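A.B. asks: Sharing start-v9.cif, mmCIF, C-alpha atoms:
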data_coords
#
loop_
_atom_site.label_atom_id
_atom_site.label_comp_id
_atom_site.auth_asym_id
_atom_site.auth_seq_id
_atom_site.Cartn_x
_atom_site.Cartn_y
_atom_site.Cartn_z
CA MET A 1 9.16 6.97 39.99
CA LYS A 2 9.39 5.49 36.49
CA SER A 3 6.15 5.19 34.57
CA LEU A 4 4.94 1.64 33.88
CA PHE A 5 4.86 2.38 30.16
CA SER A 6 7.22 4.78 28.44
CA ASN A 7 7.90 2.94 25.16
CA VAL A 8 5.16 0.84 23.60
CA VAL A 9 5.37 -1.27 20.44
CA VAL A 10 2.16 -2.40 18.70
CA ALA A 11 2.25 -5.17 16.11
CA ILE A 12 0.21 -4.50 12.96
CA SER A 13 -0.74 -7.37 10.67
CA GLY A 14 -3.66 -5.82 8.84
CA SER A 15 -6.15 -8.02 10.68
CA ASN A 16 -9.10 -6.42 12.39
CA ALA A 17 -7.62 -7.57 15.71
CA SER A 18 -4.37 -5.69 15.03
CA ILE A 19 -6.29 -2.52 14.14
CA MET A 20 -8.12 -2.85 17.49
CA ALA A 21 -4.74 -3.30 19.19
CA ALA A 22 -3.50 -0.12 17.49
CA LYS A 23 -6.54 1.83 18.73
CA TYR A 24 -5.93 0.49 22.24
CA ALA A 25 -2.25 1.51 22.00
CA ILE A 26 -3.17 5.01 20.80
CA VAL A 27 -5.55 5.48 23.73
CA MET A 28 -2.81 4.23 26.09
CA ALA A 29 -0.29 6.64 24.57
CA LYS A 30 -2.75 9.50 25.03
CA PHE A 31 -3.47 8.75 28.69
CA TYR A 32 -0.01 7.56 29.79
CA HIS A 33 2.07 9.92 27.60
CA CYS A 34 4.25 7.13 26.25
CA LYS A 35 6.14 6.79 22.97
CA LEU A 36 4.37 4.58 20.48
CA THR A 37 5.78 2.56 17.59
CA ALA A 38 3.63 0.62 15.11
CA VAL A 39 5.41 -2.28 13.41
CA TYR A 40 4.35 -4.19 10.31
CA VAL A 41 6.47 -7.16 9.30
CA VAL A 42 6.61 -8.44 5.73
CA ASP A 43 6.84 -12.17 6.38
CA THR A 44 9.71 -12.97 4.04
CA ALA A 45 10.47 -16.18 5.97
CA THR A 46 7.14 -17.73 4.93
CA ILE A 47 7.56 -16.43 1.38
CA ARG A 48 10.99 -18.12 1.25
CA GLN A 49 9.49 -21.40 2.50
CA LEU A 50 6.73 -21.25 -0.13
CA THR A 51 9.33 -20.66 -2.83
CA MET A 52 11.63 -23.47 -1.65
CA SER A 53 8.71 -25.91 -1.51
CA LYS A 54 7.81 -24.88 -5.09
CA ILE A 55 4.41 -23.48 -4.10
CA PHE A 56 5.63 -20.13 -5.45
CA VAL A 57 8.00 -19.57 -8.33
CA GLN A 58 10.60 -16.82 -7.83
CA GLN A 59 8.59 -14.21 -9.79
CA GLU A 60 5.45 -14.91 -7.74
CA SER A 61 7.31 -14.58 -4.46
CA MET A 62 8.81 -11.24 -5.52
CA GLU A 63 5.36 -9.96 -6.52
CA TYR A 64 3.81 -11.25 -3.29
CA GLU A 65 6.53 -9.60 -1.18
CA LYS A 66 6.00 -6.31 -3.03
CA SER A 67 2.24 -6.60 -2.44
CA LEU A 68 2.80 -7.23 1.29
CA GLU A 69 5.13 -4.21 1.47
CA GLU A 70 2.47 -2.02 -0.14
CA ASN A 71 -0.17 -3.37 2.27
CA GLY A 72 2.15 -2.73 5.22
CA THR A 73 2.79 0.84 4.10
CA ARG A 74 -0.96 1.40 3.73
CA TYR A 75 -1.80 -0.09 7.13
CA LEU A 76 0.92 1.94 8.86
CA ALA A 77 -0.33 5.14 7.18
CA PHE A 78 -3.87 4.29 8.37
CA ILE A 79 -2.62 3.77 11.95
CA GLU A 80 -0.72 7.06 11.74
CA GLU A 81 -3.95 8.84 10.74
CA LEU A 82 -5.79 7.24 13.67
CA ALA A 83 -3.02 8.43 16.01
CA LYS A 84 -3.06 11.96 14.55
CA SER A 85 -6.84 12.11 15.10
CA LYS A 86 -6.10 11.75 18.84
CA GLY A 87 -3.11 14.12 18.84
CA ILE A 88 -0.60 11.28 19.17
CA LYS A 89 2.72 11.07 17.33
CA ILE A 90 3.56 7.54 16.26
CA GLU A 91 6.68 6.01 14.76
CA LYS A 92 6.11 3.57 11.93
CA GLU A 93 8.40 0.66 11.13
CA LEU A 94 8.13 -1.66 8.12
CA ARG A 95 10.41 -4.63 8.66
CA LYS A 96 11.14 -7.83 6.74
CA GLY A 97 11.80 -11.27 8.15
CA THR A 98 10.14 -13.68 10.55
CA VAL A 99 7.21 -11.87 12.17
CA TYR A 100 7.91 -12.67 15.82
CA THR A 101 11.68 -12.17 15.50
CA GLU A 102 11.24 -8.72 13.94
CA ILE A 103 8.64 -7.63 16.54
CA LEU A 104 10.96 -8.74 19.36
CA LEU A 105 13.96 -6.99 17.75
CA GLU A 106 11.95 -3.77 17.33
CA ALA A 107 10.89 -3.93 20.98
CA GLU A 108 14.51 -4.39 22.07
CA GLU A 109 15.78 -1.59 19.79
CA LYS A 110 13.11 0.80 21.12
CA ASP A 111 13.75 -0.35 24.71
CA ALA A 112 10.02 -1.07 24.90
CA ASP A 113 8.40 -1.87 28.20
CA LEU A 114 5.25 -3.20 26.53
CA ILE A 115 4.34 -5.02 23.31
CA ILE A 116 0.66 -4.85 22.30
CA LEU A 117 -0.86 -7.59 20.13
CA GLY A 118 -4.33 -8.03 18.71
CA GLY A 119 -6.43 -10.91 20.05
CA TRP A 120 -7.00 -13.98 17.92
CA GLU A 121 -9.64 -13.83 15.22
CA LYS A 122 -12.59 -16.21 15.33
CA ASN A 123 -11.45 -17.99 12.16
CA ARG A 124 -8.13 -19.30 13.49
CA SER A 125 -7.33 -21.55 10.51
CA THR A 126 -6.40 -18.61 8.29
CA ARG A 127 -4.50 -16.98 11.14
CA ASP A 128 -2.32 -19.86 12.34
CA ILE A 129 0.83 -17.96 11.45
CA ILE A 130 -0.32 -15.02 13.59
CA GLY A 131 -1.21 -17.38 16.44
CA HIS A 132 2.27 -18.92 16.23
CA SER A 133 3.88 -15.47 16.15
CA HIS A 134 1.84 -14.32 19.17
CA HIS A 135 2.93 -17.41 21.10
CA GLU A 136 6.60 -16.82 20.25
CA ILE A 137 6.39 -13.14 21.21
CA MET A 138 4.72 -13.93 24.54
CA ALA A 139 7.24 -16.68 25.30
CA ASN A 140 10.36 -14.73 24.32
CA ALA A 141 9.68 -11.03 24.98
CA LYS A 142 11.93 -9.31 27.50
CA CYS A 143 9.10 -6.93 28.40
CA SER A 144 5.40 -7.26 29.21
CA VAL A 145 3.00 -8.30 26.45
CA LEU A 146 -0.64 -7.22 26.28
CA LEU A 147 -3.18 -9.12 24.19
CA VAL A 148 -6.09 -6.81 23.29
CA LYS A 149 -9.51 -8.44 23.33
CA ASP A 150 -11.64 -5.52 24.52
CA PRO A 151 -14.89 -5.56 22.49
CA ASP A 152 -15.57 -1.90 23.38
CA ILE A 153 -12.31 -0.47 22.04
CA ASP A 154 -14.04 1.35 19.16
CA MET A 155 -16.25 3.24 21.61
CA ILE A 156 -13.32 3.91 23.98
CA PHE A 157 -11.24 5.17 21.04
CA ARG A 158 -14.04 7.45 19.80
CA ASN A 159 -14.44 8.98 23.25
CA ALA A 160 -10.72 9.39 24.00
#
Rewrite the structure of this file - the entire thing - as structure tokens.

C.D. replies:
Amino acid sequence: MKSLFSNVVVAISGSNASIMAAKYAIVMAKFYHCKLTAVYVVDTATIRQLTMSKIFVQQESMEYEKSLEENGTRYLAFIEELAKSKGIKIEKELRKGTVYTEILLEAEEKDADLIILGGWEKNRSTRDIIGHSHHEIMANAKCSVLLVKDPDIDMIFRNA
């Protein structure tokens, strides 16, 4: 019988909710012995829109993209350390494009049977782009999607 979860993709945005989702995914990988991939997407689509609408000049958008890439690399390294602390090997992917499109493409490329997302933050106004991406992922994924909202994940992670 095939396991329910053999390939899991977790979306990392740098938000506290996405870090909680990563911890949840690491615990799942430990207990269900599944492959785990953490994905951070540099949102070049939004950067392009900001540049075209003259909110950013070209130089600013290049600097902002570079800053997001550095953040993504840092967040993925942090997630990798969390995984190592639980004896879990994790693949890291830094992608560029529209957030939901890149998460869905990664899930398809990895033949994922589950995508894990962090729950919405309390202050939704600053996270509208994440809320939109979550909606698009849930609506268009070819596999199951899990939205992590467990308030006890830190304790569960510590004890795993």

A.B. asks: Could you list the residues chosen by the PyMOL selection byres ((chain A and resi 43) around 12) in this structure as a ChimeraX atom specification?

C.D. replies: /A:13,40-42,44-50,61,64-69,71-72,94-103,129-130,133

A.B. asks: Hey, which of A:Asp152, A:Glu136, A:Glu60, A:Glu91 ends up closest to Val10 (chain A)? Count all atoms listed in the file.

C.D. replies: A:Glu91

A.B. asks: Could you work out how far CA of Ile116 (chain A) lies from CA of Ser18 (chain A), giving the answer in Å with one decimal?

C.D. replies: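 Between these atoms lies a distance of 8.9 Å.
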
A.B. asks: With distances taken over only C-alpha atoms, which residue among A:Gly118, A:His135, A:Ala11, A:Lys23 lies nearest Asp154 (chain A)?

C.D. replies: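 Closest to Asp154 (chain A) of all the choices is A:Lys23.
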
A.B. asks: Would you please work out which residue, of A:Asn140, A:Ser3, A:Thr73, A:Ser85, is nearest to Leu105 (chain A) when using all atoms listed in the file?

C.D. replies: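 The closest residue to Leu105 (chain A) is A:Asn140.
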
A.B. asks: So how far away is CA of Ile115 (chain A) from CA of Val145 (chain A), in Å?

C.D. replies: 4.7 Å

A.B. asks: Convert the output of the PyMOL selection byres ((chain A and resi 7) around 7) on the shown file into explicit residues, formatted as a list in words.

C.D. replies: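 Selection result, ordered by chain and number: Phe5, Ser6, Val8, Val9, Cys34, Lys35, Leu36, Lys110, Asp111, Ala112, Asp113 and Leu114 of chain A.
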
A.B. asks: My list of candidates is A:Lys142, A:His134, A:Lys149, A:Lys86. Which is closest to Ala21 (chain A) when distances are computed with all atoms listed in the file?

C.D. replies: A:Lys149

A.B. asks: In Å, how far is it from CA of Ala38 (chain A) to CA of Lys92 (chain A)?

C.D. replies: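 Atom-to-atom, CA of Ala38 (chain A) to CA of Lys92 (chain A), that is 5.0 Å.
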
A.B. asks: Which neighbours of Ala83 (chain A) fall inside 12 Å, counting only C-alpha atoms, when residues of the same chain fewer than 4 positions from it are skipped, and could you give them as a list in words?

C.D. replies: Ile19, Ala22, Lys23, Tyr24, Ala25, Ile26, Val27, Met28, Ala29, Lys30, Lys35, Leu36, Thr37, Ala38, Leu76, Ala77, Phe78, Ile79, Gly87, Ile88, Lys89, Ile90, Glu91, Lys92, Phe157, Arg158 and Ala160 of chain A

A.B. asks: Hey, could you patch up region 8-29 of chain A with N, CA and C atoms and hand it over as a compact mmCIF listing (two decimals), in the frame of the given file?

C.D. replies:
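Writing the result to selection-v5.txt gives the following:
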# COMPACT_ATOMS: atom_id res chain seq x y z
N VAL A 8 6.09 1.91 23.94
CA VAL A 8 5.16 0.84 23.60
C VAL A 8 5.29 0.51 22.12
N VAL A 9 5.33 -0.79 21.82
CA VAL A 9 5.37 -1.27 20.44
C VAL A 9 4.07 -2.02 20.18
N VAL A 10 3.38 -1.68 19.09
CA VAL A 10 2.16 -2.40 18.70
C VAL A 10 2.41 -3.09 17.36
N ALA A 11 2.06 -4.38 17.33
CA ALA A 11 2.25 -5.17 16.11
C ALA A 11 1.03 -5.03 15.21
N ILE A 12 1.28 -4.68 13.95
CA ILE A 12 0.21 -4.50 12.96
C ILE A 12 0.33 -5.59 11.91
N SER A 13 -0.76 -6.32 11.70
CA SER A 13 -0.74 -7.37 10.67
C SER A 13 -1.74 -7.07 9.57
N GLY A 14 -2.60 -6.10 9.80
CA GLY A 14 -3.66 -5.82 8.84
C GLY A 14 -4.97 -6.47 9.24
N SER A 15 -4.91 -7.38 10.21
CA SER A 15 -6.15 -8.02 10.68
C SER A 15 -6.96 -7.01 11.48
N ASN A 16 -8.25 -7.28 11.59
CA ASN A 16 -9.10 -6.42 12.39
C ASN A 16 -8.60 -6.38 13.83
N ALA A 17 -8.13 -7.51 14.34
CA ALA A 17 -7.62 -7.57 15.71
C ALA A 17 -6.41 -6.65 15.89
N SER A 18 -5.55 -6.56 14.88
CA SER A 18 -4.37 -5.69 15.03
C SER A 18 -4.76 -4.21 14.94
N ILE A 19 -5.80 -3.90 14.19
CA ILE A 19 -6.29 -2.52 14.14
C ILE A 19 -6.88 -2.14 15.51
N MET A 20 -7.60 -3.07 16.13
CA MET A 20 -8.12 -2.85 17.49
C MET A 20 -6.97 -2.65 18.47
N ALA A 21 -5.91 -3.44 18.32
CA ALA A 21 -4.74 -3.30 19.19
C ALA A 21 -4.11 -1.93 19.01
N ALA A 22 -4.07 -1.44 17.76
CA ALA A 22 -3.50 -0.12 17.49
C ALA A 22 -4.34 0.96 18.16
N LYS A 23 -5.66 0.85 18.08
CA LYS A 23 -6.54 1.83 18.73
C LYS A 23 -6.31 1.82 20.24
N TYR A 24 -6.19 0.64 20.81
CA TYR A 24 -5.93 0.49 22.24
C TYR A 24 -4.61 1.18 22.59
N ALA A 25 -3.57 0.92 21.77
CA ALA A 25 -2.25 1.51 22.00
C ALA A 25 -2.28 3.03 21.90
N ILE A 26 -3.05 3.54 20.96
CA ILE A 26 -3.17 5.01 20.80
C ILE A 26 -3.83 5.62 22.03
N VAL A 27 -4.89 4.98 22.52
CA VAL A 27 -5.55 5.48 23.73
C VAL A 27 -4.58 5.43 24.91
N MET A 28 -3.82 4.34 25.03
CA MET A 28 -2.81 4.23 26.09
C MET A 28 -1.79 5.36 25.99
N ALA A 29 -1.30 5.59 24.77
CA ALA A 29 -0.29 6.64 24.57
C ALA A 29 -0.84 8.00 24.97
